[in-house]
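Here is the structure we will look at.
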Amino acid sequence: MAYTVKDFGNLIGMEGFSDTLLNNHFTLYQGYVSNTNKLIDILASLLKEGKESTPEYAELKRRMGFEFNGMRLHELYFGNLGGKQPPDKSSKIANQMAEDFGSYGDWERDFKATGKMRGIGWAILYQDKVTGRLFNQWINEHEVGHPTGCTPVLVMDVFEHAFMTDYGLKRASYIEAFFKNINWSVVNSRCCTI
Ligand SMILES: [Fe+2]
């Protein structure tokens, strides 16, 4: 079954994000969905034709992680936006942050610092499902550096297309706008209790 484009039109009008920026970003996301479906189809055809040992098959197989993660990371990113409330101090996520970072404030400083690192990519709050531990991870390419078996709880896009239209090189200002719009109830629902 093909992957379908999810509608994040509810985010239009969000404070600190222009319609132009969001619509361009939605278009970019749609490209990942389309390419993920194409790759699945082409790989299946090549397999049927007995061409699984060809360089073409190998290169498309390698590309799958980039396209699939590009799709899914954008869904998680848009999905954790659109909120207006600060995090609930008694929520699972807030308790786990306090346990692993000392306080919400220390977690926030670490996450923002991760997002401000030089280079383009993703800042992702991951939870290790084995221990429950939270950590902020820098992801350079969509398919590289994800900790195995961990859950992406909060995803922030820091590729230039995510902010340059509205903020130019002021990534820190974009990160502040991102924080004002985090949907903490979604983030909390992605976090589990061990
Ligand atoms: Fe993006």
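Chain lettering (A, B, ...) mirrors the order of the structure tokens, residue numbering begins at 1 for each chain separately, and ligand numbering begins at 1 in order of display.
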Listing only residues of region 20-75 of chain A within 9 Å of region 2-7 of chain A, what is the closest atom pair and its distance in Å (to one decimal) for each, using only C-alpha atoms, sorted by chain and residue number ascending, as a tab-separated table?
```
residue	atom	partner	partner_atom	distance
A:Phe26	CA	A:Asp7	CA	8.6
A:Tyr29	CA	A:Val5	CA	8.2
A:Gln30	CA	A:Val5	CA	6.1
A:Val33	CA	A:Val5	CA	6.3
A:Ser34	CA	A:Tyr3	CA	8.0
A:Thr36	CA	A:Tyr3	CA	7.7
A:Asn37	CA	A:Ala2	CA	5.9
A:Ile40	CA	A:Ala2	CA	8.7
A:Met71	CA	A:Val5	CA	9.0
A:Glu75	CA	A:Lys6	CA	7.4
```
Take the selection from the previous step and output its residues with all heavy atoms, as an mmCIF file, in the first residue's frame.
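Once everything was written out, this is result_33.cif:
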```cif
data_model
loop_
_atom_site.group_PDB
_atom_site.id
_atom_site.type_symbol
_atom_site.label_atom_id
_atom_site.label_comp_id
_atom_site.auth_asym_id
_atom_site.auth_seq_id
_atom_site.Cartn_x
_atom_site.Cartn_y
_atom_site.Cartn_z
ATOM 1 N N PHE A 26 5.679 22.094 2.988
ATOM 2 C CA PHE A 26 4.746 20.986 2.722
ATOM 3 C C PHE A 26 5.044 20.352 1.356
ATOM 4 O O PHE A 26 4.988 19.128 1.204
ATOM 5 C CB PHE A 26 3.284 21.475 2.738
ATOM 6 C CG PHE A 26 2.810 21.998 4.071
ATOM 7 C CD1 PHE A 26 1.783 22.943 4.137
ATOM 8 C CD2 PHE A 26 3.375 21.552 5.268
ATOM 9 C CE1 PHE A 26 1.324 23.426 5.364
ATOM 10 C CE2 PHE A 26 2.925 22.035 6.499
ATOM 11 C CZ PHE A 26 1.906 22.974 6.543
ATOM 12 N N TYR A 29 8.018 18.147 1.625
ATOM 13 C CA TYR A 29 7.628 16.905 2.310
ATOM 14 C C TYR A 29 6.915 15.953 1.343
ATOM 15 O O TYR A 29 7.188 14.750 1.316
ATOM 16 C CB TYR A 29 6.740 17.257 3.517
ATOM 17 C CG TYR A 29 5.754 16.186 3.910
ATOM 18 C CD1 TYR A 29 6.194 14.928 4.344
ATOM 19 C CD2 TYR A 29 4.368 16.410 3.837
ATOM 20 C CE1 TYR A 29 5.279 13.941 4.692
ATOM 21 C CE2 TYR A 29 3.463 15.431 4.183
ATOM 22 C CZ TYR A 29 3.919 14.193 4.608
ATOM 23 O OH TYR A 29 3.018 13.209 4.934
ATOM 24 N N GLN A 30 6.022 16.507 0.527
ATOM 25 C CA GLN A 30 5.287 15.667 -0.431
ATOM 26 C C GLN A 30 6.235 14.942 -1.384
ATOM 27 O O GLN A 30 5.981 13.811 -1.790
ATOM 28 C CB GLN A 30 4.302 16.528 -1.229
ATOM 29 C CG GLN A 30 3.102 16.956 -0.397
ATOM 30 C CD GLN A 30 2.399 18.194 -0.952
ATOM 31 O OE1 GLN A 30 2.619 18.580 -2.112
ATOM 32 N NE2 GLN A 30 1.581 18.823 -0.143
ATOM 33 N N VAL A 33 7.363 11.749 0.194
ATOM 34 C CA VAL A 33 6.327 10.699 0.153
ATOM 35 C C VAL A 33 6.317 10.070 -1.234
ATOM 36 O O VAL A 33 6.340 8.841 -1.387
ATOM 37 C CB VAL A 33 4.934 11.276 0.496
ATOM 38 C CG1 VAL A 33 3.866 10.181 0.426
ATOM 39 C CG2 VAL A 33 4.935 11.932 1.874
ATOM 40 N N SER A 34 6.333 10.927 -2.239
ATOM 41 C CA SER A 34 6.293 10.454 -3.617
ATOM 42 C C SER A 34 7.521 9.595 -3.937
ATOM 43 O O SER A 34 7.414 8.517 -4.525
ATOM 44 C CB SER A 34 6.203 11.692 -4.508
ATOM 45 O OG SER A 34 6.572 11.421 -5.798
ATOM 46 N N THR A 36 9.442 7.978 -1.818
ATOM 47 C CA THR A 36 9.410 6.729 -1.049
ATOM 48 C C THR A 36 8.573 5.700 -1.802
ATOM 49 O O THR A 36 8.985 4.549 -1.985
ATOM 50 C CB THR A 36 8.818 6.981 0.358
ATOM 51 O OG1 THR A 36 9.683 7.886 1.043
ATOM 52 C CG2 THR A 36 8.697 5.696 1.162
ATOM 53 N N ASN A 37 7.410 6.114 -2.279
ATOM 54 C CA ASN A 37 6.541 5.194 -3.034
ATOM 55 C C ASN A 37 7.217 4.724 -4.320
ATOM 56 O O ASN A 37 7.150 3.547 -4.672
ATOM 57 C CB ASN A 37 5.207 5.880 -3.349
ATOM 58 C CG ASN A 37 4.345 6.019 -2.106
ATOM 59 O OD1 ASN A 37 4.392 5.173 -1.221
ATOM 60 N ND2 ASN A 37 3.563 7.082 -2.037
ATOM 61 N N ILE A 40 9.919 2.109 -3.550
ATOM 62 C CA ILE A 40 9.325 0.806 -3.211
ATOM 63 C C ILE A 40 8.904 0.087 -4.491
ATOM 64 O O ILE A 40 9.190 -1.098 -4.680
ATOM 65 C CB ILE A 40 8.126 0.997 -2.245
ATOM 66 C CG1 ILE A 40 8.630 1.462 -0.878
ATOM 67 C CG2 ILE A 40 7.320 -0.301 -2.115
ATOM 68 C CD1 ILE A 40 7.525 1.929 0.066
ATOM 69 N N MET A 71 10.533 11.592 4.703
ATOM 70 C CA MET A 71 9.069 11.610 4.831
ATOM 71 C C MET A 71 8.656 11.573 6.302
ATOM 72 O O MET A 71 7.929 12.443 6.793
ATOM 73 C CB MET A 71 8.490 10.382 4.096
ATOM 74 C CG MET A 71 7.017 10.129 4.358
ATOM 75 S SD MET A 71 6.391 8.653 3.487
ATOM 76 C CE MET A 71 7.090 7.342 4.494
ATOM 77 N N GLU A 75 6.848 14.354 8.981
ATOM 78 C CA GLU A 75 5.533 14.108 9.609
ATOM 79 C C GLU A 75 5.624 14.302 11.127
ATOM 80 O O GLU A 75 4.722 14.870 11.752
ATOM 81 C CB GLU A 75 5.046 12.695 9.264
ATOM 82 C CG GLU A 75 4.644 12.594 7.804
ATOM 83 C CD GLU A 75 4.432 11.168 7.313
ATOM 84 O OE1 GLU A 75 4.699 10.216 8.065
ATOM 85 O OE2 GLU A 75 4.005 11.015 6.147
#
```
Counting only C-alpha atoms, what is within 9 Å of Ile139 (chain A), bar same-chain residues fewer than 2 positions away, as JSON, numbers by chain?
{"A": [120, 121, 122, 123, 124, 137, 141, 142, 143, 144, 145, 146]}
Neighbour list for Tyr174 (chain A) as a PyMOL selection string, cut-off 8 Å, only C-alpha atoms, skip fewer than 6 positions in-chain
chain A and resi 16+163+167
Could those selected residues go to a file with N, CA, C and O atoms, as a PDB file, in the first residue's frame?
```
ATOM      1  N   GLY A  16       4.861  33.184  13.792  1.00  0.00           N
ATOM      2  CA  GLY A  16       6.299  33.042  13.545  1.00  0.00           C
ATOM      3  C   GLY A  16       6.641  32.205  12.326  1.00  0.00           C
ATOM      4  O   GLY A  16       7.812  32.007  12.017  1.00  0.00           O
ATOM      5  N   PHE A 163      13.702  27.610   7.755  1.00  0.00           N
ATOM      6  CA  PHE A 163      13.671  28.930   8.391  1.00  0.00           C
ATOM      7  C   PHE A 163      14.139  30.108   7.542  1.00  0.00           C
ATOM      8  O   PHE A 163      13.787  31.247   7.819  1.00  0.00           O
ATOM      9  N   TYR A 167      13.541  33.943   8.381  1.00  0.00           N
ATOM     10  CA  TYR A 167      14.533  34.387   9.368  1.00  0.00           C
ATOM     11  C   TYR A 167      15.934  34.607   8.802  1.00  0.00           C
ATOM     12  O   TYR A 167      16.830  34.989   9.556  1.00  0.00           O
TER      13      TYR A 167
END
```
Name each residue within 8 Å of ligand 1, counting only C-alpha atoms and all ligand atoms, as a VMD selection string.
chain A and resid 25 28 to 29 70 74 157 to 159 161 to 162
What would the file look like if the residues just selected were written as a PDB file, in the first residue's frame with N, CA, C and O atoms?
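The resulting file, result_19.pdb, is shown below:
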```pdb
ATOM      1  N   HIS A  25       7.424  24.199   2.495  1.00  0.00           N
ATOM      2  CA  HIS A  25       7.897  23.058   3.283  1.00  0.00           C
ATOM      3  C   HIS A  25       6.984  21.842   3.092  1.00  0.00           C
ATOM      4  O   HIS A  25       7.448  20.709   3.008  1.00  0.00           O
ATOM      5  N   LEU A  28       7.887  20.265  -0.172  1.00  0.00           N
ATOM      6  CA  LEU A  28       9.119  19.483  -0.055  1.00  0.00           C
ATOM      7  C   LEU A  28       8.835  18.121   0.600  1.00  0.00           C
ATOM      8  O   LEU A  28       9.309  17.075   0.140  1.00  0.00           O
ATOM      9  N   TYR A  29       8.018  18.147   1.625  1.00  0.00           N
ATOM     10  CA  TYR A  29       7.628  16.905   2.310  1.00  0.00           C
ATOM     11  C   TYR A  29       6.915  15.953   1.343  1.00  0.00           C
ATOM     12  O   TYR A  29       7.188  14.750   1.316  1.00  0.00           O
ATOM     13  N   GLY A  70      13.156  11.087   5.357  1.00  0.00           N
ATOM     14  CA  GLY A  70      12.772  12.447   4.981  1.00  0.00           C
ATOM     15  C   GLY A  70      11.263  12.613   5.099  1.00  0.00           C
ATOM     16  O   GLY A  70      10.762  13.648   5.556  1.00  0.00           O
ATOM     17  N   HIS A  74       9.603  14.587   8.617  1.00  0.00           N
ATOM     18  CA  HIS A  74       8.757  15.770   8.408  1.00  0.00           C
ATOM     19  C   HIS A  74       7.382  15.575   9.035  1.00  0.00           C
ATOM     20  O   HIS A  74       6.808  16.514   9.576  1.00  0.00           O
ATOM     21  N   ASP A 157      13.322  20.531  12.651  1.00  0.00           N
ATOM     22  CA  ASP A 157      14.018  20.651  11.367  1.00  0.00           C
ATOM     23  C   ASP A 157      14.926  21.877  11.434  1.00  0.00           C
ATOM     24  O   ASP A 157      14.453  22.988  11.709  1.00  0.00           O
ATOM     25  N   VAL A 158      16.219  21.682  11.194  1.00  0.00           N
ATOM     26  CA  VAL A 158      17.112  22.843  11.109  1.00  0.00           C
ATOM     27  C   VAL A 158      17.858  22.870   9.767  1.00  0.00           C
ATOM     28  O   VAL A 158      18.956  23.389   9.673  1.00  0.00           O
ATOM     29  N   PHE A 159      17.213  22.296   8.762  1.00  0.00           N
ATOM     30  CA  PHE A 159      17.680  22.550   7.404  1.00  0.00           C
ATOM     31  C   PHE A 159      17.294  23.993   7.072  1.00  0.00           C
ATOM     32  O   PHE A 159      16.290  24.517   7.584  1.00  0.00           O
ATOM     33  N   HIS A 161      15.846  25.351   4.625  1.00  0.00           N
ATOM     34  CA  HIS A 161      14.498  25.585   4.063  1.00  0.00           C
ATOM     35  C   HIS A 161      13.449  25.739   5.172  1.00  0.00           C
ATOM     36  O   HIS A 161      12.367  26.254   4.927  1.00  0.00           O
ATOM     37  N   ALA A 162      13.785  25.254   6.383  1.00  0.00           N
ATOM     38  CA  ALA A 162      12.819  25.324   7.491  1.00  0.00           C
ATOM     39  C   ALA A 162      12.709  26.733   8.064  1.00  0.00           C
ATOM     40  O   ALA A 162      11.749  27.036   8.777  1.00  0.00           O
TER      41      ALA A 162
END
```
Can you pull out every residue from region 6-162 of chain A that DSSP, working from the backbone, puts in strand (DSSP E or B), and format the result as a PyMOL selection string?
chain A and resi 81+122-128+134-139+150-157
Selected residues, N, CA and C atoms, written as a PDB file, in the first residue's frame, please.
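Everything below was put into out-v2.pdb:
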```
ATOM      1  N   LEU A  81       4.066  20.358  16.010  1.00  0.00           N
ATOM      2  CA  LEU A  81       3.839  21.809  16.011  1.00  0.00           C
ATOM      3  C   LEU A  81       2.339  22.097  16.143  1.00  0.00           C
ATOM      4  N   TRP A 122      18.799  17.830  11.704  1.00  0.00           N
ATOM      5  CA  TRP A 122      17.681  17.730  12.633  1.00  0.00           C
ATOM      6  C   TRP A 122      18.188  17.714  14.067  1.00  0.00           C
ATOM      7  N   ALA A 123      17.436  18.336  14.960  1.00  0.00           N
ATOM      8  CA  ALA A 123      17.650  18.137  16.395  1.00  0.00           C
ATOM      9  C   ALA A 123      16.468  17.286  16.857  1.00  0.00           C
ATOM     10  N   ILE A 124      16.768  16.174  17.478  1.00  0.00           N
ATOM     11  CA  ILE A 124      15.699  15.239  17.868  1.00  0.00           C
ATOM     12  C   ILE A 124      15.863  14.826  19.322  1.00  0.00           C
ATOM     13  N   LEU A 125      14.773  14.980  20.062  1.00  0.00           N
ATOM     14  CA  LEU A 125      14.733  14.435  21.417  1.00  0.00           C
ATOM     15  C   LEU A 125      14.319  12.978  21.287  1.00  0.00           C
ATOM     16  N   TYR A 126      15.218  12.101  21.665  1.00  0.00           N
ATOM     17  CA  TYR A 126      14.972  10.664  21.589  1.00  0.00           C
ATOM     18  C   TYR A 126      14.739  10.097  22.972  1.00  0.00           C
ATOM     19  N   GLN A 127      13.919   9.054  23.025  1.00  0.00           N
ATOM     20  CA  GLN A 127      13.788   8.295  24.266  1.00  0.00           C
ATOM     21  C   GLN A 127      14.219   6.854  24.007  1.00  0.00           C
ATOM     22  N   ASP A 128      15.130   6.393  24.825  1.00  0.00           N
ATOM     23  CA  ASP A 128      15.556   4.998  24.754  1.00  0.00           C
ATOM     24  C   ASP A 128      14.453   4.142  25.374  1.00  0.00           C
ATOM     25  N   LEU A 134      16.074   9.981  28.148  1.00  0.00           N
ATOM     26  CA  LEU A 134      15.922  10.958  27.065  1.00  0.00           C
ATOM     27  C   LEU A 134      17.281  11.529  26.700  1.00  0.00           C
ATOM     28  N   PHE A 135      17.481  11.766  25.424  1.00  0.00           N
ATOM     29  CA  PHE A 135      18.680  12.525  25.039  1.00  0.00           C
ATOM     30  C   PHE A 135      18.433  13.262  23.733  1.00  0.00           C
ATOM     31  N   ASN A 136      19.124  14.377  23.589  1.00  0.00           N
ATOM     32  CA  ASN A 136      18.991  15.218  22.405  1.00  0.00           C
ATOM     33  C   ASN A 136      20.066  14.835  21.411  1.00  0.00           C
ATOM     34  N   GLN A 137      19.613  14.529  20.217  1.00  0.00           N
ATOM     35  CA  GLN A 137      20.517  13.966  19.222  1.00  0.00           C
ATOM     36  C   GLN A 137      20.593  14.868  17.995  1.00  0.00           C
ATOM     37  N   TRP A 138      21.781  15.035  17.454  1.00  0.00           N
ATOM     38  CA  TRP A 138      21.971  15.754  16.202  1.00  0.00           C
ATOM     39  C   TRP A 138      21.965  14.747  15.057  1.00  0.00           C
ATOM     40  N   ILE A 139      21.151  15.020  14.052  1.00  0.00           N
ATOM     41  CA  ILE A 139      21.088  14.148  12.868  1.00  0.00           C
ATOM     42  C   ILE A 139      21.456  14.983  11.660  1.00  0.00           C
ATOM     43  N   CYS A 150      15.225   3.594  19.584  1.00  0.00           N
ATOM     44  CA  CYS A 150      14.778   4.749  20.374  1.00  0.00           C
ATOM     45  C   CYS A 150      13.618   5.444  19.653  1.00  0.00           C
ATOM     46  N   THR A 151      12.808   6.122  20.411  1.00  0.00           N
ATOM     47  CA  THR A 151      11.623   6.801  19.861  1.00  0.00           C
ATOM     48  C   THR A 151      11.889   8.283  19.680  1.00  0.00           C
ATOM     49  N   PRO A 152      11.644   8.829  18.472  1.00  0.00           N
ATOM     50  CA  PRO A 152      11.756  10.278  18.315  1.00  0.00           C
ATOM     51  C   PRO A 152      10.545  10.947  18.980  1.00  0.00           C
ATOM     52  N   VAL A 153      10.800  11.738  19.982  1.00  0.00           N
ATOM     53  CA  VAL A 153       9.726  12.315  20.796  1.00  0.00           C
ATOM     54  C   VAL A 153       9.431  13.753  20.367  1.00  0.00           C
ATOM     55  N   LEU A 154      10.478  14.504  20.088  1.00  0.00           N
ATOM     56  CA  LEU A 154      10.334  15.881  19.597  1.00  0.00           C
ATOM     57  C   LEU A 154      11.334  16.077  18.466  1.00  0.00           C
ATOM     58  N   VAL A 155      10.828  16.522  17.321  1.00  0.00           N
ATOM     59  CA  VAL A 155      11.670  16.638  16.131  1.00  0.00           C
ATOM     60  C   VAL A 155      11.679  18.090  15.654  1.00  0.00           C
ATOM     61  N   MET A 156      12.885  18.630  15.472  1.00  0.00           N
ATOM     62  CA  MET A 156      13.013  20.014  14.976  1.00  0.00           C
ATOM     63  C   MET A 156      13.877  20.015  13.721  1.00  0.00           C
ATOM     64  N   ASP A 157      13.322  20.531  12.651  1.00  0.00           N
ATOM     65  CA  ASP A 157      14.018  20.651  11.367  1.00  0.00           C
ATOM     66  C   ASP A 157      14.926  21.877  11.434  1.00  0.00           C
TER      67      ASP A 157
END
```
Name the residues in contact with region 41-50 of chain A at a cut-off of 10 Å, using only C-alpha atoms, excluding same-chain residues fewer than 4 positions from it; report them as number ranges by chain.
A: 2, 35-37, 54, 56-58, 60-61, 64
Enumerate, as an NGL selection string, the complete set of residues in region 50-181 of chain A that a backbone-based DSSP assignment places in alpha helix (DSSP H).
:A and (55-79 or 92-101 or 104-115 or 164-167 or 171-180)
Written file, previous selection with C-alpha atoms, as a compact mmCIF listing (two decimals), in the first residue's frame:
```txt
# COMPACT_ATOMS: atom_id res chain seq x y z
CA PRO A 55 24.25 -1.59 -9.20
CA GLU A 56 20.91 0.10 -9.89
CA TYR A 57 19.19 -2.02 -7.26
CA ALA A 58 21.98 -1.38 -4.73
CA GLU A 59 21.92 2.38 -5.20
CA LEU A 60 18.14 2.59 -4.92
CA LYS A 61 18.25 0.36 -1.84
CA ARG A 62 20.79 2.75 -0.27
CA ARG A 63 18.54 5.69 -1.05
CA MET A 64 15.54 4.22 0.75
CA GLY A 65 16.66 5.42 4.20
CA PHE A 66 17.04 8.99 2.94
CA GLU A 67 13.61 9.20 1.31
CA PHE A 68 11.69 7.26 3.97
CA ASN A 69 13.23 9.17 6.86
CA GLY A 70 12.77 12.45 4.98
CA MET A 71 9.07 11.61 4.83
CA ARG A 72 8.64 10.36 8.38
CA LEU A 73 10.80 13.02 10.07
CA HIS A 74 8.76 15.77 8.41
CA GLU A 75 5.53 14.11 9.61
CA LEU A 76 6.90 14.01 13.15
CA TYR A 77 8.12 17.62 12.86
CA PHE A 78 4.83 19.05 11.58
CA GLY A 79 2.98 16.76 13.97
CA LYS A 92 5.52 12.08 31.78
CA ILE A 93 7.84 14.02 29.53
CA ALA A 94 8.50 16.77 32.11
CA ASN A 95 9.25 14.20 34.82
CA GLN A 96 11.62 12.29 32.54
CA MET A 97 13.37 15.53 31.53
CA ALA A 98 13.88 16.41 35.18
CA GLU A 99 15.27 12.95 35.85
CA ASP A 100 17.69 12.92 32.92
CA PHE A 101 18.69 16.58 32.68
CA TYR A 104 13.22 21.30 32.10
CA GLY A 105 15.42 24.39 31.69
CA ASP A 106 18.58 22.33 31.36
CA TRP A 107 16.90 20.06 28.81
CA GLU A 108 15.77 23.12 26.83
CA ARG A 109 19.26 24.63 26.79
CA ASP A 110 20.70 21.36 25.56
CA PHE A 111 18.04 20.93 22.85
CA LYS A 112 18.45 24.50 21.60
CA ALA A 113 22.23 24.16 21.59
CA THR A 114 21.86 20.96 19.57
CA GLY A 115 19.64 22.79 17.06
CA MET A 164 15.57 31.00 5.79
CA THR A 165 12.43 32.38 4.08
CA ASP A 166 11.35 34.02 7.34
CA TYR A 167 14.53 34.39 9.37
CA ARG A 171 18.46 30.31 13.19
CA ALA A 172 18.18 31.15 16.88
CA SER A 173 15.09 33.28 16.18
CA TYR A 174 13.50 30.40 14.27
CA ILE A 175 14.23 28.06 17.17
CA GLU A 176 12.48 30.49 19.53
CA ALA A 177 9.45 30.53 17.20
CA PHE A 178 9.52 26.73 17.03
CA PHE A 179 9.46 26.53 20.83
CA LYS A 180 6.43 28.84 21.01
```
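Between Arg190 (chain A) and the candidates A:Lys84, A:Lys129, A:Lys89, A:Lys38, the tightest atom-to-atom separation, counting only C-alpha atoms, involves A:Lys129.
The residue that comes closest to Ile12 (chain A), out of A:Gly132, A:Asn181, A:Lys170, A:Glu52 and on the basis of only C-alpha atoms, is A:Asn181.
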